[in-house]
file entry.txt (compact mmCIF, C-alpha atoms)
# COMPACT_ATOMS: atom_id res chain seq x y z
CA MET A 1 4.05 9.06 21.04
CA TYR A 2 6.89 11.42 20.13
CA SER A 3 9.62 11.31 17.53
CA ASN A 4 13.29 11.58 18.40
CA SER A 5 13.00 15.36 18.13
CA ASP A 6 10.21 15.51 20.77
CA LYS A 7 7.73 16.27 18.03
CA PRO A 8 4.49 14.29 18.21
CA LEU A 9 4.21 11.54 15.63
CA PRO A 10 1.34 11.77 13.18
CA HIS A 11 -1.60 9.42 13.70
CA CYS A 12 -1.98 6.64 11.17
CA LYS A 13 -5.64 6.07 10.29
CA ALA A 14 -5.00 3.61 7.49
CA LEU A 15 -2.19 1.38 6.26
CA LEU A 16 -3.24 -0.81 3.36
CA ILE A 17 -1.40 -2.82 0.74
CA CYS A 18 -3.04 -2.95 -2.66
CA LYS A 19 -2.35 -3.72 -6.30
CA GLN A 20 -3.16 -0.28 -7.61
CA VAL A 21 -4.07 3.24 -6.54
CA THR A 22 -5.87 5.51 -8.96
CA GLN A 23 -6.89 9.15 -8.84
CA ASP A 24 -9.78 10.63 -10.74
CA ASP A 25 -8.47 13.43 -12.95
CA GLU A 26 -11.60 15.48 -12.47
CA THR A 27 -12.66 14.96 -8.86
CA GLN A 28 -9.18 14.05 -7.45
CA ALA A 29 -10.88 11.15 -5.65
CA ILE A 30 -8.49 8.35 -4.72
CA SER A 31 -9.40 4.70 -5.24
CA LEU A 32 -7.62 1.63 -3.94
CA LEU A 33 -7.91 -1.47 -6.12
CA HIS A 34 -7.39 -5.08 -5.09
CA LEU A 35 -6.37 -4.99 -1.44
CA ILE A 36 -3.68 -7.60 -0.89
CA GLU A 37 -3.97 -10.24 1.79
CA SER A 38 -1.91 -12.92 0.04
CA VAL A 39 0.83 -12.67 -2.56
CA GLY A 40 0.97 -15.58 -5.00
CA GLN A 41 4.52 -16.38 -6.06
CA ARG A 42 5.51 -18.62 -8.95
CA SER A 43 8.83 -19.32 -7.28
CA ILE A 44 10.17 -18.89 -3.77
CA PRO A 45 12.63 -17.44 -3.00
CA GLY A 46 11.93 -14.66 -5.45
CA PRO A 47 10.64 -11.12 -5.91
CA THR A 48 6.98 -10.23 -5.44
CA GLY A 49 5.17 -8.32 -8.13
CA PRO A 50 4.58 -4.57 -7.85
CA PHE A 51 2.19 -3.20 -5.24
CA VAL A 52 1.30 0.07 -3.55
CA VAL A 53 1.36 0.88 0.16
CA PHE A 54 -1.34 3.41 0.99
CA MET A 55 -1.35 5.42 4.21
CA GLN A 56 -3.60 8.06 5.66
CA LEU A 57 -1.93 10.24 8.29
CA TYR A 58 -3.26 13.02 10.51
CA ASP A 59 -1.95 15.53 13.02
CA GLY A 60 1.66 15.72 11.97
CA ILE A 61 3.85 18.77 12.49
CA GLY A 62 6.33 19.72 9.83
CA ARG A 63 8.76 17.24 8.33
CA TYR A 64 9.24 13.54 9.10
CA ARG A 65 11.51 10.85 7.69
CA LEU A 66 9.53 7.85 6.46
CA SER A 67 10.93 4.34 6.16
CA MET A 68 9.64 0.77 5.99
CA GLU A 69 10.81 -2.74 6.64
CA ALA A 70 9.50 -6.18 5.80
CA ASN A 71 9.75 -8.98 8.35
CA ALA A 72 9.23 -12.72 7.95
CA LEU A 73 7.21 -13.68 11.00
CA ASP A 74 7.84 -17.41 10.78
CA ASP A 75 11.49 -17.02 11.68
CA ASP A 76 11.28 -13.51 13.13
CA ALA A 77 13.70 -12.03 10.61
CA ASN A 78 14.05 -8.66 8.92
CA VAL A 79 14.27 -9.43 5.17
CA ALA A 80 14.09 -6.00 3.47
CA LYS A 81 14.27 -2.29 4.21
CA ALA A 82 13.30 0.84 2.31
CA THR A 83 13.86 4.52 2.91
CA VAL A 84 10.90 6.36 1.49
CA GLY A 85 12.10 9.92 2.05
CA HIS A 86 10.58 12.89 3.82
CA ILE A 87 6.98 13.92 4.17
CA ASP A 88 5.94 17.44 5.05
CA PHE A 89 2.71 18.33 6.78
CA PRO A 90 1.70 21.71 5.42
CA GLU A 91 -0.36 22.49 8.53
CA ARG A 92 -1.06 20.92 11.92
CA LEU A 93 -4.52 19.50 11.33
CA ALA A 94 -3.93 18.44 7.76
CA LYS A 95 -4.76 14.96 6.58
CA MET A 96 -2.22 13.39 4.27
CA ASP A 97 -2.89 10.53 1.89
CA ILE A 98 0.37 8.87 0.90
CA ALA A 99 0.81 6.33 -1.88
CA ILE A 100 4.09 4.43 -1.92
CA PRO A 101 4.58 2.47 -5.16
CA VAL A 102 6.91 -0.49 -4.67
CA ASP A 103 8.43 -2.56 -7.49
CA SER A 104 8.88 -5.69 -5.43
CA ILE A 105 10.21 -7.25 -2.25
CA PHE A 106 12.47 -10.27 -2.43
CA VAL A 107 10.86 -12.93 -0.23
CA PRO A 108 13.06 -15.82 0.91
CA GLN A 109 10.26 -18.21 1.86
CA SER A 110 6.52 -18.64 1.94
CA GLY A 111 4.64 -17.73 5.10
CA ARG A 112 3.39 -14.74 7.05
CA TYR A 113 5.06 -11.34 6.67
CA GLU A 114 4.60 -7.91 8.16
CA LEU A 115 5.25 -4.51 6.68
CA VAL A 116 6.25 -1.97 9.31
CA VAL A 117 6.22 1.79 8.71
CA PHE A 118 8.54 4.05 10.70
CA VAL A 119 8.41 7.80 11.11
CA ASP A 120 11.64 9.41 12.33
CA GLY A 121 12.77 5.93 13.35
CA GLN A 122 9.68 5.26 15.50
CA GLU A 123 7.26 2.54 14.54
CA LEU A 124 4.00 4.06 13.36
CA ALA A 125 1.96 1.14 12.00
CA ARG A 126 2.19 -2.37 10.64
CA GLN A 127 0.23 -4.45 8.19
CA TYR A 128 0.37 -8.17 7.47
CA PHE A 129 0.35 -10.26 4.31
CA ASN A 130 0.92 -13.87 3.33
CA VAL A 131 3.29 -15.19 0.68
CA GLU A 132 2.42 -18.50 -0.89
CA VAL A 133 3.42 -20.51 -3.94
CA GLN A 134 0.98 -19.90 -6.75
CA ASP A 135 -0.50 -22.96 -8.45
CA VAL A 136 0.19 -22.14 -12.12
CA THR A 137 -1.98 -25.06 -13.26
CA LYS A 138 -5.03 -23.04 -12.17
CA GLU A 139 -4.32 -20.30 -14.72
CA MET B 1 -40.73 -18.24 -21.96
CA SER B 2 -38.60 -15.70 -23.72
CA GLN B 3 -34.98 -16.42 -24.47
CA LYS B 4 -32.31 -13.73 -23.98
CA ASN B 5 -29.15 -13.86 -26.02
CA GLU B 6 -27.35 -11.09 -24.15
CA ALA B 7 -23.85 -11.67 -22.91
CA PRO B 8 -23.97 -12.44 -19.17
CA ASN B 9 -21.75 -9.52 -18.25
CA GLN B 10 -23.91 -6.91 -20.01
CA PRO B 11 -25.97 -4.68 -17.68
CA ASP B 12 -29.54 -5.84 -17.52
CA PRO B 13 -31.82 -3.65 -15.34
CA GLU B 14 -34.40 -6.43 -15.18
CA ARG B 15 -31.83 -8.92 -13.93
CA ASP B 16 -29.59 -6.63 -11.88
CA GLY B 17 -32.06 -4.14 -10.50
CA ASN B 18 -31.64 -0.43 -11.04
CA VAL B 19 -28.61 0.63 -13.04
CA ASP B 20 -27.24 4.03 -12.06
CA ASN B 21 -26.46 5.72 -15.35
CA SER B 22 -25.54 8.94 -13.59
CA LEU B 23 -22.10 7.58 -12.72
CA PRO B 24 -19.41 8.86 -15.07
CA PRO B 25 -17.43 6.31 -17.05
CA ALA B 26 -14.27 5.29 -15.22
CA LYS B 27 -11.99 6.47 -17.98
CA ARG B 28 -10.40 9.43 -16.25
CA GLN B 29 -8.70 7.34 -13.60
CA HIS B 30 -5.00 8.02 -13.44
CA ILE B 31 -3.01 4.99 -12.27
CA ILE B 32 -0.45 6.07 -9.67
CA THR B 33 3.10 4.90 -10.41
CA ALA B 34 6.58 5.85 -9.29
CA LYS B 35 6.63 8.49 -12.05
CA ASP B 36 4.04 10.46 -10.07
CA ALA B 37 6.46 11.16 -7.22
CA GLY B 38 5.55 14.33 -5.35
CA TRP B 39 2.31 16.15 -4.56
CA ARG B 40 -0.65 15.10 -6.71
CA SER B 41 -3.05 17.38 -4.85
CA PRO B 42 -2.85 19.44 -1.63
CA SER B 43 -3.30 16.37 0.57
CA PHE B 44 -2.08 13.53 -1.64
CA PHE B 45 1.62 12.71 -1.78
CA VAL B 46 3.26 9.97 -3.85
CA ALA B 47 6.55 8.65 -2.47
CA PRO B 48 8.02 5.68 -4.37
CA ALA B 49 10.15 3.27 -2.37
CA LYS B 50 12.74 0.71 -3.34
CA PHE B 51 13.22 -2.19 -0.96
CA VAL B 52 16.75 -3.42 -0.39
CA THR B 53 17.06 -7.10 0.42
CA ILE B 54 18.82 -7.99 3.66
CA ASP B 55 20.80 -11.11 2.88
CA PRO B 56 21.09 -13.03 5.11
CA PRO B 57 17.97 -11.84 6.97
CA GLU B 58 18.67 -10.19 10.32
CA PRO B 59 16.89 -10.92 13.58
CA ARG B 60 13.96 -8.56 13.90
CA LYS B 61 14.39 -5.64 16.28
CA ARG B 62 11.57 -5.49 18.75
CA PRO B 63 10.40 -2.21 20.27
CA PRO B 64 11.27 -1.82 23.95
CA ALA B 65 8.61 -2.96 26.36
CA PRO B 66 6.56 -0.08 27.79
call {"tool": "encode", "arguments": {"input": "entry.txt", "output": "structure tokens"}}
result
Amino acid sequence: MYSNSDKPLPHCKALLICKQVTQDDETQAISLLHLIESVGQRSIPGPTGPFVVFMQLYDGIGRYRLSMEANALDDDANVAKATVGHIDFPERLAKMDIAIPVDSIFVPQSGRYELVVFVDGQELARQYFNVEVQDVTKE
Amino acid sequence: MSQKNEAPNQPDPERDGNVDNSLPPAKRQHIITAKDAGWRSPSFFVAPAKFVTIDPPEPRKRPPAP
């Protein structure tokens, strides 16, 4: 698959949504904590809590524009968009780990959602998550 | 039968099997936030994003059929 500038798109080897990403100060090792399958909301509609989108990309060439959108699958609607900025592959065969901290997404309803990542306007990968009302009496 | 008064979440090699004490304590873990924007190491890039709500939601654009 090629971007709009006839440049091959990078390959996405991982797209995960998690609560936290950490990096070891000594070894530089990256850890993903609490992978998110479902988001518990106290009220809907409302904003989710913070989360991190983690991606691992390979085989890119040069600079790409990265963006994301969130879609509600139950009514097939685009509910939020984000422009992440540019990523630069320092060399052709480089692997890039990318952490994208997000404050929140405003979700209009409970149900199934998808997070879609675009590179130069072309869809690269998507990941799914559920939004449900959290039972506060369980806390 | 001997009684143990240890807290249940304390490591107990007898109960849990071998405990690997060679692992370093997880105290040097830096939590990645939006303040870390940019390169953290030669292959690790942090790119914070702010989602903008689309209100009312728009019909989803589908990629063209191959």
call {"tool": "atom_distance", "arguments": {"input": "entry.txt", "atom1": "atom CA of A:Phe129", "atom2": "atom CA of A:Gly60"}}
result
27.1 Å
call {"tool": "interface_residues", "arguments": {"input": "entry.txt", "of": "chain A", "to": "chain B", "cutoff": "7 Å", "atoms": "only C-alpha atoms", "output": "PDB file with C-alpha atoms, in the frame of the given file"}}
result
ATOM      1  CA  VAL A  21      -4.070   3.240  -6.540  1.00  0.00           C
ATOM      2  CA  THR A  22      -5.870   5.510  -8.960  1.00  0.00           C
ATOM      3  CA  GLN A  23      -6.890   9.150  -8.840  1.00  0.00           C
ATOM      4  CA  ASP A  24      -9.780  10.630 -10.740  1.00  0.00           C
ATOM      5  CA  ASP A  25      -8.470  13.430 -12.950  1.00  0.00           C
ATOM      6  CA  ASN A  71       9.750  -8.980   8.350  1.00  0.00           C
ATOM      7  CA  ASP A  76      11.280 -13.510  13.130  1.00  0.00           C
ATOM      8  CA  ALA A  77      13.700 -12.030  10.610  1.00  0.00           C
ATOM      9  CA  ASN A  78      14.050  -8.660   8.920  1.00  0.00           C
ATOM     10  CA  VAL A  79      14.270  -9.430   5.170  1.00  0.00           C
ATOM     11  CA  ALA A  80      14.090  -6.000   3.470  1.00  0.00           C
ATOM     12  CA  LYS A  81      14.270  -2.290   4.210  1.00  0.00           C
ATOM     13  CA  ALA A  82      13.300   0.840   2.310  1.00  0.00           C
ATOM     14  CA  THR A  83      13.860   4.520   2.910  1.00  0.00           C
ATOM     15  CA  VAL A  84      10.900   6.360   1.490  1.00  0.00           C
ATOM     16  CA  LYS A  95      -4.760  14.960   6.580  1.00  0.00           C
ATOM     17  CA  MET A  96      -2.220  13.390   4.270  1.00  0.00           C
ATOM     18  CA  ASP A  97      -2.890  10.530   1.890  1.00  0.00           C
ATOM     19  CA  ILE A  98       0.370   8.870   0.900  1.00  0.00           C
ATOM     20  CA  ALA A  99       0.810   6.330  -1.880  1.00  0.00           C
ATOM     21  CA  ILE A 100       4.090   4.430  -1.920  1.00  0.00           C
ATOM     22  CA  PRO A 101       4.580   2.470  -5.160  1.00  0.00           C
ATOM     23  CA  VAL A 102       6.910  -0.490  -4.670  1.00  0.00           C
ATOM     24  CA  ASP A 103       8.430  -2.560  -7.490  1.00  0.00           C
ATOM     25  CA  ILE A 105      10.210  -7.250  -2.250  1.00  0.00           C
ATOM     26  CA  PHE A 106      12.470 -10.270  -2.430  1.00  0.00           C
TER      27      PHE A 106
END
call {"tool": "atom_distance", "arguments": {"input": "entry.txt", "atom1": "atom CA of A:Ala14", "atom2": "atom CA of A:Gln109"}}
result
27.2 Å
call {"tool": "atom_distance", "arguments": {"input": "entry.txt", "atom1": "atom CA of A:Lys7", "atom2": "atom CA of A:Ala70"}}
result
25.6 Å
call {"tool": "residues_around", "arguments": {"input": "entry.txt", "residues": "A:Tyr113", "least_positions_apart": "5", "cutoff": "9 Å", "atoms": "only C-alpha atoms", "output": "PyMOL selection string"}}
result
chain A and resi 70-74+127-131
call {"tool": "residues_around", "arguments": {"input": "entry.txt", "residues": "A:Lys13", "least_positions_apart": "5", "cutoff": "8 Å", "atoms": "all atoms listed in the file", "output": "PyMOL selection string"}}
result
chain A and resi 55-58
call {"tool": "closest_residue", "arguments": {"input": "entry.txt", "among": "A:His34, A:His86, A:Arg112, A:Arg42", "to": "A:Asp135", "atoms": "all atoms listed in the file"}}
result
A:Arg42
